[in-house]
Amino acid sequence: MKQIDCILLVDDNPADNLYHSIIINESGVCKQIKIVTDGLEAIAYLEKSLSHENETEFPEPQLIFLDINMPRMNGFEFLESYIKMNHREKKSILISMLTTSINSDDKDKALTYNVVSEFQNKPITVPMLHSLVEKYF
Amino acid sequence: MQISKNQDYSIQVPKATNDEVGQLADSFNILLQKIQQQTVELIEKNKKIFQNNKELAVVNSELQQFVYVASHDFQEPLRTIINFVELLNKSLDQNHNEDVAVYLKYIEDATTKMQRLIHELLDFSRIGKETPLEKVDCNKVLEDVKNLLGLKIKESKAIIHHTQLPIIKASEVEMRQLFMNLITNAIKYQKKDNIPKIEISSQEQQHEFLFTVADNGIGIEAPYLERVFIIFQRLHKASEYPGTGIGLAACKKIVEKYNGKIWVDSKKGEGSSFHFTIINN
């Protein structure tokens, strides 16, 4: 089975982050999981990780699971800032929205962003991870 | 002349003499005053009704928004409970504590039921929203519904027939939900081991189409024929026939949105025929 290096979870809900970490570990699709709790933290993480300042603390993620409703900077606002970032490595990062939202407007809006490849509903499942990794890596 | 022309009832007839003509003028003036007064009152009342309608529309949309937000936000904590119960269950496998397994099963059943309720409530709240009218081929809708219900149809061995159905103007999503709920009920409310037989037909009437979904199920007793359409109204224990009591209320809401009617003919033990009308435009 394919294995990627790092998944970044961007979500303000600690219960979800714990559950998703357990499921990701169980699936064995990646070596490490990093967690940030809103869009601002995610941008800060990526700035460090993509400039390879500290690769042990801030490994470069190949896959980002992005929640929509978060304080300070929500998922959509994160995408706006992300697009403006100047890093070539950015291209190889896969972003999947991950939300409770069953609002189809959210889905339509998310998929208008070129950088967004997937729109998944919570929770992450083992089969979901396997098919994502199979499809994109 | 001026009165009838302008519909101005505030004008008074001049009284020239004190004889019978004068008295007539007096009576006529009193009559005019009364009409004038009533007209003013009527205008006031109309304004009031208009105002009330506006307020009602606001309250209605607030209520709709509330149900939407509530059902949406309730899902999140519930999902967390479900996720961790599942994890608990997994870690329990190694310890074999049977009591705890039973408790967890109850939590799981309750949360799953709650999740379904919220989901259906959310769907229900969405029916109120304005949706663009589109041409809907009911034959195709029915094929979609049969595909979606594939597993249920296979398990119950249900036989579903339909006559040629019309193309109507409605929302396809809502028509699918309508047929889906009626057919799901027809499959569900059956005596054990009875093979469900469902006939769907339609008739073109003067201004509307009359649809019928008839089954060979357990039927409904006379006192409940209207009550089945009330939200959360259930006639059976959850252990006999599980459900949320939202399905038929949703059907009613959809049909009434298109100025139609829905009703049921049934006798206990002799199947049910659900009829509904959709305007033909």
# chains A, B, ... in the order shown; residues from 1 in each chain; ligands from 1
>>> closest_atom_pairs(of="chain A", to="chain B", cutoff="8 Å", atoms="only C-alpha atoms", output="Markdown table")
| residue | atom | partner | partner_atom | distance |
| --- | --- | --- | --- | --- |
| A:Ala15 | CA | B:Thr80 | CA | 6.8 |
| A:Asp16 | CA | B:Thr80 | CA | 6.9 |
| A:Tyr19 | CA | B:Asn83 | CA | 7.1 |
| A:Thr100 | CA | B:Glu76 | CA | 6.7 |
| A:Ser101 | CA | B:His72 | CA | 7.5 |
| A:Ile102 | CA | B:His72 | CA | 7.9 |
| A:Pro123 | CA | B:Asn83 | CA | 7.8 |
>>> write_last_selection(atoms="N, CA and C atoms", output="short mmCIF file (atom, residue, chain, number, x, y, z; two decimals), in the first residue's frame")
data_model
loop_
_atom_site.label_atom_id
_atom_site.label_comp_id
_atom_site.auth_asym_id
_atom_site.auth_seq_id
_atom_site.Cartn_x
_atom_site.Cartn_y
_atom_site.Cartn_z
N ALA A 15 -11.97 16.94 19.64
CA ALA A 15 -12.48 15.57 19.58
C ALA A 15 -12.32 15.00 18.18
N ASP A 16 -12.63 15.84 17.18
CA ASP A 16 -12.46 15.39 15.79
C ASP A 16 -11.01 15.12 15.48
N TYR A 19 -10.01 11.82 17.06
CA TYR A 19 -10.63 10.70 16.35
C TYR A 19 -9.97 10.50 14.97
N THR A 100 -18.77 19.04 8.41
CA THR A 100 -20.08 18.50 8.75
C THR A 100 -21.12 19.09 7.82
N SER A 101 -20.75 20.15 7.12
CA SER A 101 -21.73 20.87 6.33
C SER A 101 -22.39 19.96 5.29
N ILE A 102 -23.74 19.95 5.30
CA ILE A 102 -24.43 19.22 4.24
C ILE A 102 -25.06 20.25 3.31
N PRO A 123 -17.08 11.85 9.47
CA PRO A 123 -15.68 11.73 9.84
C PRO A 123 -14.83 11.11 8.73
#
>>> residues_around(residues="Ala249 (chain B)", least_positions_apart="3", cutoff="10 Å", atoms="only C-alpha atoms", output="CSV table (one decimal) with all heavy atoms, in the first residue's frame")
chain,number,residue,atom,x,y,z
B,124,PHE,N,-36.8,18.2,6.0
B,124,PHE,CA,-38.1,18.8,6.1
B,124,PHE,C,-38.0,20.3,6.1
B,124,PHE,O,-38.8,21.0,5.4
B,124,PHE,CB,-38.7,18.3,7.5
B,124,PHE,CG,-40.2,18.7,7.7
B,124,PHE,CD1,-41.2,18.0,7.0
B,124,PHE,CD2,-40.5,19.8,8.5
B,124,PHE,CE1,-42.5,18.4,7.2
B,124,PHE,CE2,-41.8,20.1,8.6
B,124,PHE,CZ,-42.8,19.4,8.0
B,181,ASN,N,-40.5,8.6,0.0
B,181,ASN,CA,-41.2,8.4,1.3
B,181,ASN,C,-42.4,7.5,1.1
B,181,ASN,O,-42.6,6.6,2.0
B,181,ASN,CB,-41.6,9.8,1.9
B,181,ASN,CG,-40.4,10.6,2.3
B,181,ASN,OD1,-39.3,10.2,2.3
B,181,ASN,ND2,-40.7,11.8,2.7
B,227,ARG,N,-54.4,11.8,10.6
B,227,ARG,CA,-53.4,12.1,11.6
B,227,ARG,C,-52.0,11.6,11.1
B,227,ARG,O,-51.0,12.2,11.5
B,227,ARG,CB,-53.7,11.4,12.9
B,227,ARG,CG,-54.5,12.3,13.8
B,227,ARG,CD,-55.0,11.7,15.0
B,227,ARG,NE,-53.9,11.2,15.9
B,227,ARG,CZ,-54.1,10.5,17.0
B,227,ARG,NH1,-55.3,10.2,17.4
B,227,ARG,NH2,-53.1,10.1,17.7
B,228,VAL,N,-52.0,10.7,10.2
B,228,VAL,CA,-50.7,10.2,9.7
B,228,VAL,C,-49.8,11.2,9.1
B,228,VAL,O,-48.6,11.1,9.0
B,228,VAL,CB,-50.8,9.0,8.7
B,228,VAL,CG1,-51.3,7.7,9.4
B,228,VAL,CG2,-51.7,9.3,7.5
B,229,PHE,N,-50.5,12.3,8.6
B,229,PHE,CA,-49.7,13.4,7.9
B,229,PHE,C,-49.2,14.4,8.9
B,229,PHE,O,-48.5,15.4,8.5
B,229,PHE,CB,-50.6,14.1,6.9
B,229,PHE,CG,-51.0,13.2,5.8
B,229,PHE,CD1,-52.3,12.6,5.7
B,229,PHE,CD2,-50.1,12.8,4.8
B,229,PHE,CE1,-52.7,11.8,4.7
B,229,PHE,CE2,-50.5,12.0,3.7
B,229,PHE,CZ,-51.8,11.4,3.7
B,230,ILE,N,-49.5,14.3,10.2
B,230,ILE,CA,-49.0,15.3,11.2
B,230,ILE,C,-47.5,14.9,11.6
B,230,ILE,O,-47.3,13.7,11.8
B,230,ILE,CB,-49.9,15.3,12.4
B,230,ILE,CG1,-51.3,15.7,12.0
B,230,ILE,CG2,-49.3,16.3,13.4
B,230,ILE,CD1,-52.3,15.6,13.1
B,231,ILE,N,-46.7,15.9,11.7
B,231,ILE,CA,-45.3,15.6,12.0
B,231,ILE,C,-45.1,14.9,13.3
B,231,ILE,O,-45.8,15.3,14.3
B,231,ILE,CB,-44.4,16.9,11.8
B,231,ILE,CG1,-42.9,16.5,11.8
B,231,ILE,CG2,-44.7,17.9,12.9
B,231,ILE,CD1,-42.0,17.6,11.3
B,232,PHE,N,-44.2,14.0,13.4
B,232,PHE,CA,-43.9,13.2,14.6
B,232,PHE,C,-45.0,12.3,15.1
B,232,PHE,O,-44.9,11.6,16.1
B,232,PHE,CB,-43.5,14.1,15.8
B,232,PHE,CG,-42.3,14.9,15.5
B,232,PHE,CD1,-42.3,16.3,15.9
B,232,PHE,CD2,-41.2,14.4,15.0
B,232,PHE,CE1,-41.2,17.1,15.6
B,232,PHE,CE2,-40.1,15.2,14.7
B,232,PHE,CZ,-40.1,16.5,15.0
B,233,GLN,N,-46.1,12.2,14.3
B,233,GLN,CA,-47.2,11.3,14.7
B,233,GLN,C,-46.9,9.9,14.2
B,233,GLN,O,-46.6,9.7,13.1
B,233,GLN,CB,-48.5,11.8,13.9
B,233,GLN,CG,-49.8,11.2,14.4
B,233,GLN,CD,-50.2,11.8,15.7
B,233,GLN,OE1,-50.5,11.0,16.6
B,233,GLN,NE2,-50.1,13.1,15.9
B,245,GLY,N,-41.6,9.6,12.1
B,245,GLY,CA,-42.8,10.4,12.0
B,245,GLY,C,-42.7,11.7,11.2
B,245,GLY,O,-43.5,12.6,11.4
B,246,ILE,N,-41.7,11.7,10.4
B,246,ILE,CA,-41.5,12.9,9.6
B,246,ILE,C,-41.9,12.7,8.1
B,246,ILE,O,-42.4,13.6,7.4
B,246,ILE,CB,-40.0,13.4,9.6
B,246,ILE,CG1,-39.7,13.8,11.1
B,246,ILE,CG2,-39.8,14.7,8.8
B,246,ILE,CD1,-38.3,14.2,11.3
B,252,LYS,N,-46.7,15.8,2.7
B,252,LYS,CA,-47.7,16.8,2.7
B,252,LYS,C,-47.2,18.2,2.4
B,252,LYS,O,-47.8,19.0,1.6
B,252,LYS,CB,-48.4,16.8,4.1
B,252,LYS,CG,-49.6,17.7,4.2
B,252,LYS,CD,-50.4,17.4,5.5
B,252,LYS,CE,-51.7,18.1,5.5
B,252,LYS,NZ,-51.7,19.3,6.3
B,253,LYS,N,-46.1,18.5,3.0
B,253,LYS,CA,-45.5,19.8,2.8
B,253,LYS,C,-45.1,20.0,1.4
B,253,LYS,O,-45.3,21.1,0.8
B,253,LYS,CB,-44.2,20.0,3.7
B,253,LYS,CG,-43.9,21.4,4.0
B,253,LYS,CD,-42.8,21.5,5.1
B,253,LYS,CE,-42.2,22.9,5.1
B,253,LYS,NZ,-41.0,22.9,6.0
B,254,ILE,N,-44.5,19.0,0.7
B,254,ILE,CA,-44.1,19.1,-0.7
B,254,ILE,C,-45.4,19.3,-1.6
B,254,ILE,O,-45.4,20.2,-2.4
B,254,ILE,CB,-43.4,17.8,-1.1
B,254,ILE,CG1,-42.0,17.7,-0.4
B,254,ILE,CG2,-43.2,17.8,-2.6
B,254,ILE,CD1,-41.3,16.4,-0.6
B,255,VAL,N,-46.4,18.4,-1.3
B,255,VAL,CA,-47.6,18.5,-2.2
B,255,VAL,C,-48.3,19.9,-2.0
B,255,VAL,O,-48.6,20.5,-3.0
B,255,VAL,CB,-48.6,17.4,-1.8
B,255,VAL,CG1,-49.9,17.6,-2.5
B,255,VAL,CG2,-48.0,16.0,-2.3
>>> closest_residue(among="A:Glu47, A:His130, A:Thr99, A:Asp108", to="Asp67 (chain A)", atoms="only C-alpha atoms")
A:Thr99
>>> closest_residue(among="A:Ile93, A:Met70, A:Val29, A:Asn17", to="Leu46 (chain A)", atoms="only C-alpha atoms")
A:Ile93
>>> closest_residue(among="B:Thr163, B:Gln177, B:Ser273, B:Ser266", to="Asp215 (chain B)", atoms="only C-alpha atoms")
B:Ser273
>>> residues_around(residues="Gln120 (chain A)", least_positions_apart="6", cutoff="12 Å", atoms="only C-alpha atoms", output="list in words")
Ile64, Phe65, Leu66, Asp67, Ile68, Ile95, Ser96, Met97, Leu98, Thr99, Thr100, Ser101, Ile102, Ser104, Asp106, Lys107, Ala110, Leu111, Met128, Leu129 and Leu132 of chain A
>>> closest_residue(among="B:Thr112, B:Gln12, B:Thr39, B:Ser156", to="Ser27 (chain B)", atoms="only C-alpha atoms")
B:Gln12
>>> select_by_dssp(residues="region 42-276 of chain B", states="alpha helix (DSSP H)", output="PyMOL selection string")
chain B and resi 42-92+98-127+138-148+150-156+172-188+247-257
>>> residues_around(residues="Asn89 (chain B)", least_positions_apart="2", cutoff="10 Å", atoms="only C-alpha atoms", output="list in words")
Asn83, Phe84, Val85, Glu86, Leu87, Ser91, Leu92, Asp93, Gln94, Val100, Ala101, Leu104, Lys105 and Glu108 of chain B
>>> closest_residue(among="A:Lys109, A:Lys135, A:Lys84, A:Lys122", to="Ile43 (chain A)", atoms="only C-alpha atoms")
A:Lys84
>>> select_by_dssp(residues="chain A", states="strand (DSSP E or B)", output="ChimeraX atom specification")
/A:4-10,30-36,63-66,94-99,116-121
>>> closest_residue(among="A:Cys6, A:Val133, A:Val115, A:Ile124", to="Glu57 (chain A)", atoms="only C-alpha atoms")
A:Cys6
>>> residues_around(residues="Glu221 (chain B)", least_positions_apart="3", cutoff="7 Å", atoms="only C-alpha atoms", output="MDAnalysis selection string")
chainID B and resid 224:225 267:268
>>> write_last_selection(atoms="all heavy atoms", output="PDB file, in the first residue's frame")
ATOM      1  N   TYR B 224     -57.152   7.305  12.073  1.00  0.00           N
ATOM      2  CA  TYR B 224     -55.789   7.813  11.885  1.00  0.00           C
ATOM      3  C   TYR B 224     -55.515   8.311  10.478  1.00  0.00           C
ATOM      4  O   TYR B 224     -54.411   8.741  10.170  1.00  0.00           O
ATOM      5  CB  TYR B 224     -54.777   6.717  12.234  1.00  0.00           C
ATOM      6  CG  TYR B 224     -54.935   6.219  13.641  1.00  0.00           C
ATOM      7  CD1 TYR B 224     -55.356   4.924  13.906  1.00  0.00           C
ATOM      8  CD2 TYR B 224     -54.678   7.065  14.710  1.00  0.00           C
ATOM      9  CE1 TYR B 224     -55.521   4.475  15.196  1.00  0.00           C
ATOM     10  CE2 TYR B 224     -54.838   6.637  16.012  1.00  0.00           C
ATOM     11  CZ  TYR B 224     -55.265   5.344  16.250  1.00  0.00           C
ATOM     12  OH  TYR B 224     -55.428   4.919  17.534  1.00  0.00           O
ATOM     13  N   LEU B 225     -56.527   8.238   9.602  1.00  0.00           N
ATOM     14  CA  LEU B 225     -56.280   8.537   8.186  1.00  0.00           C
ATOM     15  C   LEU B 225     -55.733   9.947   7.961  1.00  0.00           C
ATOM     16  O   LEU B 225     -54.956  10.176   7.034  1.00  0.00           O
ATOM     17  CB  LEU B 225     -57.548   8.330   7.364  1.00  0.00           C
ATOM     18  CG  LEU B 225     -57.965   6.869   7.205  1.00  0.00           C
ATOM     19  CD1 LEU B 225     -59.280   6.758   6.459  1.00  0.00           C
ATOM     20  CD2 LEU B 225     -56.886   6.063   6.486  1.00  0.00           C
ATOM     21  N   LYS B 267     -58.038   0.639   4.701  1.00  0.00           N
ATOM     22  CA  LYS B 267     -58.741  -0.096   5.751  1.00  0.00           C
ATOM     23  C   LYS B 267     -57.709  -0.964   6.409  1.00  0.00           C
ATOM     24  O   LYS B 267     -56.809  -1.482   5.732  1.00  0.00           O
ATOM     25  CB  LYS B 267     -59.840  -0.965   5.147  1.00  0.00           C
ATOM     26  CG  LYS B 267     -61.166  -0.288   5.099  1.00  0.00           C
ATOM     27  CD  LYS B 267     -62.235  -1.276   4.701  1.00  0.00           C
ATOM     28  CE  LYS B 267     -63.520  -0.523   4.403  1.00  0.00           C
ATOM     29  NZ  LYS B 267     -64.385  -1.259   3.470  1.00  0.00           N
ATOM     30  N   LYS B 268     -57.866  -1.145   7.694  1.00  0.00           N
ATOM     31  CA  LYS B 268     -56.893  -1.961   8.398  1.00  0.00           C
ATOM     32  C   LYS B 268     -56.806  -3.350   7.764  1.00  0.00           C
ATOM     33  O   LYS B 268     -57.826  -3.994   7.526  1.00  0.00           O
ATOM     34  CB  LYS B 268     -57.279  -2.074   9.872  1.00  0.00           C
ATOM     35  CG  LYS B 268     -56.088  -2.518  10.695  1.00  0.00           C
ATOM     36  CD  LYS B 268     -56.386  -2.645  12.149  1.00  0.00           C
ATOM     37  CE  LYS B 268     -55.127  -3.153  12.827  1.00  0.00           C
ATOM     38  NZ  LYS B 268     -55.368  -3.676  14.144  1.00  0.00           N
TER      39      LYS B 268
END
>>> residues_around(residues="Leu50 (chain A)", least_positions_apart="4", cutoff="8 Å", atoms="only C-alpha atoms", output="PDB file with C-alpha atoms, in the first residue's frame")
ATOM      1  CA  LEU A  46       2.845  26.130   5.798  1.00  0.00           C
ATOM      2  CA  GLU A  60       5.742  19.310   4.491  1.00  0.00           C
ATOM      3  CA  HIS A  87       5.931  28.604  -2.812  1.00  0.00           C
ATOM      4  CA  GLU A  89       6.115  23.148  -3.548  1.00  0.00           C
ATOM      5  CA  LYS A  90       2.546  24.222  -2.888  1.00  0.00           C
TER       6      LYS A  90
END
>>> residues_around(residues="Ile33 (chain A)", least_positions_apart="2", cutoff="8 Å", atoms="only C-alpha atoms", output="ChimeraX atom specification")
/A:6-9,21,30-31,35
